[in-house]
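What follows is a single structure, written as structure tokens, with notes after it.
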Amino acid sequence: MSSSASVQPQKPKPTSSVKLITTLGLIALFSGLLVVSVFEFTKPYIAENQRIALERAVLEVIPGAVERRDFILTDEGVFPKDQAPESGSIIHAGFDEAGRFQGVALEASGRGYADVIRVLYGYDPSCQCIVGMTVLESRETPGLGDKIETDPLFVANFERLDARLAADGSGLANRIRTVDPGAAEQPWEIDGITGATISAEAIGNMLNRSADSVLPELAPHWAAFEQNN
Amino acid sequence: MAAKTDNNPITMDTFLSGIWKENPVFVMLLGMCPVLAVTNSVANALAMGLATTFVLLCSNALISLLRHHIPKEVRIAAYIVIIATFVTVVDYLIHAISLEVYNALGAFIQLIVVNCMILGRAEAFASRHRLSSTLINGLGMGVGFTIALLCLGSVRELLGAGTLLGFPIFGEAFEPWVIMLLPPGGFFVLGAWLLLFAWVKERQIKRSAAASVGEAAVNAR
């Protein structure tokens, strides 16, 4: 009995719990320090990238604009971002080289085919129309749904899309909507895309919803944008 | 266990095995999630390949350095924490370098953490070899993985959009095969590449077998 016990291989001694916890703790500490250091290092670069992307998008959807200024829309009116007395919705305004107000860029979002689509559209109060649109975020099907970004005919719908307010100023005079490809007859209708019906209709619906709710709030304050040039 | 393999010499094979003999995609079929998901363009494939190589090199280097100090009971947990750390680092770096690439790759950057090629290298190689061997082997694996992603990305972009790195190749008359940009296209192209790889390997084996038979016949005379 005793001889057979002596030939059996000895079980390796289990590592103490203290060593296990210490090892994992030290690795976690190192990981935490590294992640925080890289986060702090990259933070200004990420913020700058986002600022550049937003600026590019704003200037893209407001033709003639070369400068972007941010305003805050509150219950008391529209104020430059750094002078706003209270918090509110951020409105991006575009100004030309002479400092003249050209229009505002507003964000809209809605459910597409694959996921939520976020767009930025430009509104020119002088023609009461949408003058540009760019997609900020979309996971629509490559080659089909993503034509809302790449199809030049679809994008051309937003060069002068009627978005005038009703006489009482409570909402849009005409509902913005997407119709079948080539079927748009009214200036507030958008020609859809073959093979991307849901995505194209989502764009029409989100623009209608956003313009119908934000423009009545902004309409009394266009002079405030002009005065801040 | 570490002592057995610690002093293995570094050969050309240490680097090249990841590119050909043990290619993580075409031979071992590892990391299929990013392989199929982000290879709808050459740019995305390149960015994902480089990001994965960075995580593979950094995590395996640290694991190799700590291999004598990590108890075997907690080794997998330790490896995952280390890999997740470098995935978070690469996530911040890509976000800081290019917002477009960051948006294009989406959640697949964070999903590098579950790429079994990286954990597999940590367990099978980095935890048993010294730093220099680990770095060379990891680099070979990373290059092999990137080449595989580029193989898929270039075919899918070429057929699915008619472009290569965004530059039009076939002209206006070309009607893109949209399905190549969709998930089924990923499977089709991966299948075609696997077929080609298997055919080349089989041909090599047949040739070497024929050569050895010929050699034996000459010796017999």
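Ligands are numbered from 1 in the order shown, residues from 1 within each chain, and chains are lettered A, B, ... in the order they appear in the structure tokens.
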- Message: Could you work out which residues of chain B fall inside 9 Å of chain A? Count only C-alpha atoms, and format the result as a PyMOL selection string.
- Response: chain B and resi 40+69-74+77-78+81-82+84-86+88-89+92-93+95-99+103+160-161+176-179+181-182
- Message: As an exercise, work out the distance from atom CA of Ile118 of chain B to atom CA of Val55 of chain B in Å and give it to one decimal place.
- Response: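 Those two atoms sit 7.9 Å apart.
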- Got a sec to tell me which of segment 45-125 of chain A DSSP assigns to alpha helix (DSSP H), as a VMD selection string? chain A and resid 45 to 61
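Residues in contact range of Phe95 of chain A, defined as at most 6 Å between only C-alpha atoms, with sequence neighbours fewer than 6 positions away removed, read Ala65, Glu67, Phe101 and Gln102 of chain A.
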- Message: Can you pull out the residues contacting segment 154-171 of chain A? Cut-off 6 Å, using only C-alpha atoms, and skip same-chain residues under 5 positions away; I want them as a ChimeraX atom specification.
- Response: /A:128-132,187-188,190,212,216
Output file for the selection above: C-alpha atoms, as a PDB file, in the first residue's frame:
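part.pdb written:
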```
ATOM      1  CA  GLN A 128     -38.944  78.622 -46.887  1.00  0.00           C
ATOM      2  CA  CYS A 129     -37.420  75.487 -48.303  1.00  0.00           C
ATOM      3  CA  ILE A 130     -35.015  72.705 -47.484  1.00  0.00           C
ATOM      4  CA  VAL A 131     -31.815  73.398 -49.426  1.00  0.00           C
ATOM      5  CA  GLY A 132     -29.615  70.399 -48.623  1.00  0.00           C
ATOM      6  CA  PRO A 187     -42.460  70.928 -54.757  1.00  0.00           C
ATOM      7  CA  TRP A 188     -42.897  69.282 -51.341  1.00  0.00           C
ATOM      8  CA  ILE A 190     -39.625  63.617 -52.890  1.00  0.00           C
ATOM      9  CA  ASP A 212     -43.258  70.409 -38.686  1.00  0.00           C
ATOM     10  CA  PRO A 216     -42.842  76.895 -36.064  1.00  0.00           C
TER      11      PRO A 216
END
```
- Query: Which value, in Å to one decimal, gives the distance between atom CA of Thr39 of chain B and atom CA of Thr163 of chain B?
  - Reply: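 For atom CA of Thr39 of chain B relative to atom CA of Thr163 of chain B, the distance reads 13.7 Å.
Straight-line separation from atom CA of Ala93 of chain A to atom CA of Gly192 of chain A: 28.6 Å.
Each of A:Phe79, A:Asp124, A:Gly182, A:Arg209 was compared to Ala224 of chain A using only C-alpha atoms, and A:Phe79 turns out to be the nearest.
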- Message: Neighbouring residues of segment 23-30 of chain B were defined as those with any atom within 10 Å, considering only C-alpha atoms; residues of the same chain fewer than 4 positions away were excluded. Please report them as a PyMOL selection string.
- Response: chain B and resi 16-19+34-35+115-118+120+140-149+190-191+193-198
- Task: Just the strand (DSSP E or B) stuff from segment 104-148 of chain A, please, per backbone DSSP, written as a PyMOL selection string.
- Result: chain A and resi 104-111+116-124+129-137
- Query: B:Tyr79, B:Phe167, B:Phe188, B:Trp20: which is nearest Ser64 of chain B, counting only C-alpha atoms?
  - Reply: B:Tyr79
- Item | Exercise: Gly94 of chain A partners within 9 Å, only C-alpha atoms, chain neighbours under 2 positions left out, as a PyMOL selection string | chain A and resi 58-59+62-70+92+96+99-105
- Spatial neighbours of Val116 of chain A, max dist 12 Å, only C-alpha atoms, sep filter under 3 positions, as a PyMOL selection string: chain A and resi 108-113+119+135-140+198-199+202-203+206
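Closest approach to Leu135 of chain B from the set B:Ala220, B:Ile205, B:Leu105, B:Ile63 is made by B:Ile63, with distances taken over only C-alpha atoms.
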